[in-house]
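Participant: If you scroll down you'll find the structure; I have some questions about it.
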Amino acid sequence: MARIESVLEPQARDVTGVALQQTLVDLVDLGMVAKQAHWTVTGPRFRALHLHLDEVVEAARRHADTVAERAAAIGVAPDGRAGTVAAGSRLSLAPAGWQHDRDVLAYFIDAYAKVIAGLRERINEVASTDPVTQDLLIAIAADLEKQYWMFQAEQD
């Protein structure tokens with residue numbers, strides 16, 4: 001089996017790898033729950049939310065891919081399997097069935113708050129272990145914070 005060598009010292013790789021893995025799990029889950037809500041949202045904001053949620057899916061998948069590839073680049077095998085995501089995500093379990101647009105907004109405002117809070121913690125954790133990963137996490141946080149603002153702006 002091939003082993004990918006890291007450019008980081010082992011301790012720095014381990015700290016950075018944990019940060020990247022948790023970010024990956026949160027982003028994969030965010031993408032999955034956004035697609036679920038996309039399929040089941042109802043109410044007067046249906047069309048706007050339906051389209052907005054596809055943007056969330058696309059961004060979450062794009063960021064997850066970047067995070068997973070960064071983990072691989074530093075010698076850490078990323079794990080985005082369903083069981084890993086279900087066990088480690090910071091997000092609340094998305095409700096089943098049809099969801100009123102008001103409830104979808106509330107869910108995603110909470111979800112973004114949790115993902116962003118975790119990202120901000122990990123930005124600080126990797127500051128001394130890997131500034132390249134820190135820059136990556138900062139860029140992702142900036143994008144998610146924009147989406148967080150947009151969901152809040154859609155509320156009554």
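Residues are named by chain letter and number: chains run A, B, ... in the order of the structure tokens, numbers start at 1 in each chain, and ligands are numbered from 1 in the order shown.
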Please identify the strand (DSSP E) residues within segment 27-102 of chain A (assignment by DSSP from backbone atoms) and present them as a list of chain:residue names.
Facilitator: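 Matching residues, listed in order: A:Val41, A:Thr42, A:Gln99, A:His100.
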Participant: Please dump the current selection as a tab-separated table (two decimals), in the first residue's frame; keep all heavy atoms.
Facilitator:
chain	number	residue	atom	x	y	z
A	41	VAL	N	-38.62	21.24	0.83
A	41	VAL	CA	-39.07	22.55	1.29
A	41	VAL	C	-40.43	22.88	0.67
A	41	VAL	O	-40.70	22.56	-0.48
A	41	VAL	CB	-38.03	23.66	0.99
A	41	VAL	CG1	-37.82	23.87	-0.50
A	41	VAL	CG2	-38.39	24.97	1.68
A	42	THR	N	-41.28	23.51	1.46
A	42	THR	CA	-42.59	23.98	1.00
A	42	THR	C	-42.82	25.39	1.53
A	42	THR	O	-42.12	25.83	2.45
A	42	THR	CB	-43.73	23.07	1.50
A	42	THR	OG1	-43.78	23.15	2.93
A	42	THR	CG2	-43.56	21.63	1.06
A	99	GLN	N	-40.92	20.12	4.82
A	99	GLN	CA	-40.48	21.15	5.77
A	99	GLN	C	-40.93	22.52	5.28
A	99	GLN	O	-40.67	22.89	4.14
A	99	GLN	CB	-38.96	21.13	5.92
A	99	GLN	CG	-38.43	19.83	6.47
A	99	GLN	CD	-38.97	19.54	7.86
A	99	GLN	OE1	-38.92	20.38	8.74
A	99	GLN	NE2	-39.50	18.34	8.04
A	100	HIS	N	-41.56	23.27	6.16
A	100	HIS	CA	-41.98	24.63	5.83
A	100	HIS	C	-40.75	25.51	5.67
A	100	HIS	O	-39.75	25.32	6.37
A	100	HIS	CB	-42.90	25.19	6.91
A	100	HIS	CG	-43.61	26.42	6.49
A	100	HIS	ND1	-43.04	27.67	6.57
A	100	HIS	CD2	-44.84	26.59	5.94
A	100	HIS	CE1	-43.90	28.56	6.11
A	100	HIS	NE2	-45.00	27.94	5.73
Participant: Write out as a short mmCIF file (atom, residue, chain, number, x, y, z; two decimals) with all heavy atoms, in the first residue's frame the residues lying within 9 Å of Leu137 of chain A, counting only C-alpha atoms and excluding same-chain residues fewer than 3 positions away.
Facilitator:
data_model
loop_
_atom_site.label_atom_id
_atom_site.label_comp_id
_atom_site.auth_asym_id
_atom_site.auth_seq_id
_atom_site.Cartn_x
_atom_site.Cartn_y
_atom_site.Cartn_z
N LEU A 20 -8.75 19.20 9.54
CA LEU A 20 -9.27 19.00 8.19
C LEU A 20 -10.37 17.93 8.18
O LEU A 20 -11.38 18.09 7.49
CB LEU A 20 -8.14 18.62 7.23
CG LEU A 20 -7.19 19.77 6.88
CD1 LEU A 20 -5.92 19.22 6.23
CD2 LEU A 20 -7.88 20.79 5.98
N THR A 23 -13.61 19.33 9.52
CA THR A 23 -14.15 20.25 8.53
C THR A 23 -14.79 19.47 7.39
O THR A 23 -15.90 19.81 6.93
CB THR A 23 -13.05 21.19 8.00
OG1 THR A 23 -12.48 21.90 9.11
CG2 THR A 23 -13.60 22.17 6.98
N VAL A 67 -10.87 20.46 0.91
CA VAL A 67 -10.40 20.05 2.24
C VAL A 67 -9.84 18.63 2.19
O VAL A 67 -8.77 18.34 2.74
CB VAL A 67 -11.54 20.17 3.28
CG1 VAL A 67 -11.22 19.43 4.56
CG2 VAL A 67 -11.83 21.64 3.55
N LEU A 119 -15.21 25.96 12.37
CA LEU A 119 -14.15 26.43 11.48
C LEU A 119 -13.27 27.46 12.18
O LEU A 119 -12.04 27.41 12.09
CB LEU A 119 -14.74 27.06 10.22
CG LEU A 119 -14.93 26.16 9.02
CD1 LEU A 119 -15.75 26.88 7.96
CD2 LEU A 119 -13.61 25.71 8.46
N ARG A 120 -13.89 28.40 12.86
CA ARG A 120 -13.12 29.44 13.54
C ARG A 120 -12.23 28.84 14.64
O ARG A 120 -11.10 29.30 14.83
CB ARG A 120 -14.04 30.52 14.09
CG ARG A 120 -14.58 31.40 12.95
CD ARG A 120 -15.37 32.58 13.46
NE ARG A 120 -15.46 33.60 12.42
CZ ARG A 120 -14.60 34.59 12.25
NH1 ARG A 120 -13.56 34.69 13.03
NH2 ARG A 120 -14.78 35.47 11.28
N ARG A 122 -10.94 25.81 14.52
CA ARG A 122 -9.87 25.10 13.81
C ARG A 122 -8.90 26.06 13.13
O ARG A 122 -7.71 25.74 13.00
CB ARG A 122 -10.49 24.10 12.84
CG ARG A 122 -11.21 22.98 13.60
CD ARG A 122 -11.72 21.88 12.71
NE ARG A 122 -12.79 22.25 11.83
CZ ARG A 122 -14.08 22.29 12.15
NH1 ARG A 122 -14.46 21.99 13.39
NH2 ARG A 122 -15.01 22.61 11.27
N ILE A 123 -9.36 27.23 12.73
CA ILE A 123 -8.45 28.24 12.17
C ILE A 123 -7.38 28.57 13.21
O ILE A 123 -6.19 28.66 12.89
CB ILE A 123 -9.23 29.50 11.73
CG1 ILE A 123 -10.01 29.20 10.44
CG2 ILE A 123 -8.30 30.70 11.55
CD1 ILE A 123 -11.07 30.24 10.09
N VAL A 132 -0.79 27.08 5.58
CA VAL A 132 -1.48 26.83 4.31
C VAL A 132 -2.90 26.35 4.58
O VAL A 132 -3.87 26.83 3.99
CB VAL A 132 -0.70 25.82 3.44
CG1 VAL A 132 -1.48 25.45 2.19
CG2 VAL A 132 0.68 26.37 3.09
N THR A 133 -3.03 25.41 5.50
CA THR A 133 -4.37 24.93 5.88
C THR A 133 -5.16 26.04 6.55
O THR A 133 -6.36 26.19 6.31
CB THR A 133 -4.26 23.70 6.80
OG1 THR A 133 -3.66 22.64 6.04
CG2 THR A 133 -5.61 23.25 7.31
N GLN A 134 -4.51 26.85 7.36
CA GLN A 134 -5.20 27.97 7.99
C GLN A 134 -5.79 28.89 6.93
O GLN A 134 -6.95 29.29 7.02
CB GLN A 134 -4.26 28.75 8.91
CG GLN A 134 -5.00 29.85 9.66
CD GLN A 134 -4.09 30.75 10.46
OE1 GLN A 134 -3.00 31.10 10.02
NE2 GLN A 134 -4.55 31.11 11.66
N ILE A 140 -12.73 29.32 3.36
CA ILE A 140 -14.00 28.60 3.48
C ILE A 140 -14.92 29.32 4.47
O ILE A 140 -16.11 29.50 4.20
CB ILE A 140 -13.76 27.13 3.91
CG1 ILE A 140 -13.05 26.38 2.77
CG2 ILE A 140 -15.08 26.45 4.27
CD1 ILE A 140 -12.52 25.01 3.18
N ALA A 141 -14.37 29.76 5.59
CA ALA A 141 -15.17 30.48 6.58
C ALA A 141 -15.77 31.74 5.96
O ALA A 141 -16.96 32.05 6.19
CB ALA A 141 -14.33 30.83 7.80
N ALA A 142 -15.00 32.46 5.18
CA ALA A 142 -15.51 33.68 4.55
C ALA A 142 -16.71 33.36 3.65
O ALA A 142 -17.72 34.07 3.68
CB ALA A 142 -14.40 34.37 3.76
#
Participant: Would you pick out the contacts of segment 77-80 of chain A at 12 Å or less, using only C-alpha atoms, so that residues sharing its chain but fewer than 5 positions from it are not included, and give the list as JSON, numbers by chain?
Facilitator: {"A": [2, 3, 4, 5, 6, 13, 14, 16, 17, 18, 19, 20, 21, 22, 23, 24, 25, 26, 27, 28, 29, 31, 32, 61, 64, 65, 66, 67, 68, 69, 70, 71, 72, 85, 86, 87, 88, 89]}
Participant: Have a look at A:Leu53, A:Val126, A:Leu30, A:Ala106 and name the one nearest to Ala12 of chain A; count only C-alpha atoms.
Facilitator: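 Of A:Leu53, A:Val126, A:Leu30, A:Ala106, the one nearest Ala12 of chain A is A:Val126, counting only C-alpha atoms.
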Participant: Which residue, A:His63, A:Val7, A:Ala113, A:Asp54, has the smallest gap to Ile138 of chain A when you use only C-alpha atoms?
Facilitator: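 Among the listed residues, the smallest separation from Ile138 of chain A belongs to A:His63.
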Participant: When you look at segment 143-145 of chain A with a cut-off of 12 Å (counting only C-alpha atoms), what residues show up, excluding the ones that are within fewer than 4 positions of it in the same chain? I need them as a PyMOL selection string.
Facilitator: chain A and resi 26-27+30+55-57+59-60+62-63+108-109+111-120+136-139+149-152
